[in-house]
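Working notes, structure below.
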Amino acid sequence: MEIIEKQLHEIKHYVFETFSHDVSGHDYEHMHRVAQLSRKIAEKEASDVHLCEVAGWVHDLIDHKLTDDVAKNKKALTNLLSKIKLSDKQIQAVIEAIDTVSFSKGVLPTSKIGQIVQDADRLDAIGAIGVARAFSFGASRGRPLYGTNGQSTIEHFDHKLFKIKDQLHTTYAKQLATERHQFLELFYQQFLKEWPDIN
Ligand code: ADP
Ligand code: NI
């Protein structure tokens, strides 16, 4: 096996173990999609394709939303990346990229890799898959589908999902976002049409 393949194999195994019980839209397949999208965007942006793919795979491992011990997980991730023989510089680049990825942290990525992985992650929050994930996340937190008190999943569309298309960094991600955004709007309108006693 080629070294890059071996590295990805180890990473996938680790990610699979870590997220195997997730029901909040942050499962192995989310990491898989974000890794693939990161790779595709990196190809178009002439960025480091392999490092972007790696960062895509591991991007949620140190998210404060998903773990209660960020420092411990960061240490474990650093150990994994050094075990598979990424250089210190590469490890630093991956950690820096994924430290800034989360929407909820409200910080802008400081590197091209960070921008690419953030775009990939956000693309997975819109479109049909984005809709599916939003309601999974809502269910995992016991949130109702509809409501007007800031606690329902449908309100998350206005709070966050509709804003995503204008917050992307790369040209290719913006292209992919157009169709996904249109679908979100369509879904939202139809949802409100079907909900009883509104309008
Ligand atoms: P980020 O760190 O940018 O929020 P993640 O990949 O960690 O990105 O997770 C975002 C996913 O979780 C999206 O699919 C999003 O719709 C969903 N999500 C986050 N907060 C909420 C919420 N309050 N209601 C419904 N879905 C949510
Ligand atoms: Ni994510």
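Labels used: A, B, ... for chains in the order of the structure tokens, numbers from 1 for residues in each chain, and numbers from 1 for ligands as shown.
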Discussion item. So that I can check the secondary structure, give me every residue of stretch 40-192 of chain A assigned helix (DSSP H, G or I) by backbone DSSP, as a VMD selection string.
Written reply: chain A and resid 40 to 45 49 to 58 70 to 83 88 to 99 103 to 105 112 to 123 127 to 140 153 to 159 161 to 167 171 to 192
Fill in: Exercise answer, 9 Å around ligand 2 with only C-alpha atoms and all ligand atoms, as a list in words
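The residues near ligand 2 are Gly25, His26, His30, Met31, Val34, Gly56, His59, Asp60, Asp63, Val101, Ser102, Val117, Gln118, Ala120, Asp121, Arg122, Asp124 and Ala125 of chain A.
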Selection above as a file: C-alpha atoms, as a short mmCIF file (atom, residue, chain, number, x, y, z; two decimals), in the first residue's frame:
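File written: again.cif
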data_model
loop_
_atom_site.label_atom_id
_atom_site.label_comp_id
_atom_site.auth_asym_id
_atom_site.auth_seq_id
_atom_site.Cartn_x
_atom_site.Cartn_y
_atom_site.Cartn_z
CA GLY A 25 -25.62 14.31 11.72
CA HIS A 26 -21.95 14.12 12.69
CA HIS A 30 -20.42 13.31 7.38
CA MET A 31 -16.63 13.12 7.79
CA VAL A 34 -16.44 16.58 4.03
CA GLY A 56 -11.71 17.00 6.15
CA HIS A 59 -12.37 18.23 11.20
CA ASP A 60 -14.95 17.45 13.90
CA ASP A 63 -15.23 20.50 18.04
CA VAL A 101 -13.71 25.35 11.09
CA SER A 102 -16.76 25.55 13.32
CA VAL A 117 -12.44 22.53 4.99
CA GLN A 118 -14.83 25.14 6.36
CA ALA A 120 -16.75 21.68 2.61
CA ASP A 121 -18.27 21.41 6.09
CA ARG A 122 -20.76 24.17 5.35
CA ASP A 124 -22.74 19.54 3.92
CA ALA A 125 -25.09 21.66 6.06
#
Practice prompt. For ligand 1, collect every residue having any atom at a distance of at most 6 Å from a ligand atom (counting only C-alpha atoms and all ligand atoms); output as an MDAnalysis selection string.
Written response: chainID A and resid 102:104 121 125 130 133:135 137:138 153 156
Surrounding residues of A:Ser152 excluding itself and chain neighbours under 4 positions, 10 Å, only C-alpha atoms, as an mmCIF file with N, CA and C atoms, in the first residue's frame:
data_model
loop_
_atom_site.group_PDB
_atom_site.id
_atom_site.type_symbol
_atom_site.label_atom_id
_atom_site.label_comp_id
_atom_site.auth_asym_id
_atom_site.auth_seq_id
_atom_site.Cartn_x
_atom_site.Cartn_y
_atom_site.Cartn_z
ATOM 1 N N PHE A 135 -32.414 18.174 10.817
ATOM 2 C CA PHE A 135 -33.460 17.532 11.618
ATOM 3 C C PHE A 135 -32.909 16.397 12.485
ATOM 4 N N GLY A 138 -31.420 18.298 15.394
ATOM 5 C CA GLY A 138 -32.516 18.763 16.244
ATOM 6 C C GLY A 138 -33.086 17.624 17.089
ATOM 7 N N ALA A 139 -33.294 16.473 16.456
ATOM 8 C CA ALA A 139 -33.843 15.323 17.187
ATOM 9 C C ALA A 139 -32.891 14.903 18.306
ATOM 10 N N GLY A 142 -33.499 16.913 21.180
ATOM 11 C CA GLY A 142 -34.898 16.968 21.624
ATOM 12 C C GLY A 142 -35.650 18.185 21.131
ATOM 13 N N ARG A 143 -35.242 18.731 19.985
ATOM 14 C CA ARG A 143 -35.897 19.952 19.495
ATOM 15 C C ARG A 143 -37.075 19.623 18.580
ATOM 16 N N PRO A 144 -38.145 20.420 18.661
ATOM 17 C CA PRO A 144 -39.283 20.202 17.761
ATOM 18 C C PRO A 144 -38.951 20.637 16.330
ATOM 19 N N LEU A 145 -39.692 20.083 15.373
ATOM 20 C CA LEU A 145 -39.486 20.476 13.973
ATOM 21 C C LEU A 145 -39.766 21.959 13.793
ATOM 22 N N TYR A 146 -40.950 22.366 14.321
ATOM 23 C CA TYR A 146 -41.405 23.747 14.124
ATOM 24 C C TYR A 146 -41.647 24.423 15.463
ATOM 25 N N GLY A 147 -41.418 25.715 15.491
ATOM 26 C CA GLY A 147 -41.726 26.516 16.671
ATOM 27 C C GLY A 147 -41.278 27.933 16.389
ATOM 28 N N THR A 148 -41.609 28.851 17.305
ATOM 29 C CA THR A 148 -41.248 30.251 17.065
ATOM 30 C C THR A 148 -40.478 30.845 18.252
ATOM 31 N N HIS A 156 -33.585 27.204 12.662
ATOM 32 C CA HIS A 156 -32.147 27.104 12.366
ATOM 33 C C HIS A 156 -31.851 27.485 10.902
ATOM 34 N N PHE A 157 -32.870 27.319 10.047
ATOM 35 C CA PHE A 157 -32.682 27.697 8.639
ATOM 36 C C PHE A 157 -32.382 29.194 8.540
#
Item to complete: Would you please work out which residue, of A:Lys75, A:Glu10, A:Leu192, A:Ile62, is nearest to A:Glu155 when using only C-alpha atoms?
Response: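 Nearest to A:Glu155: A:Leu192.
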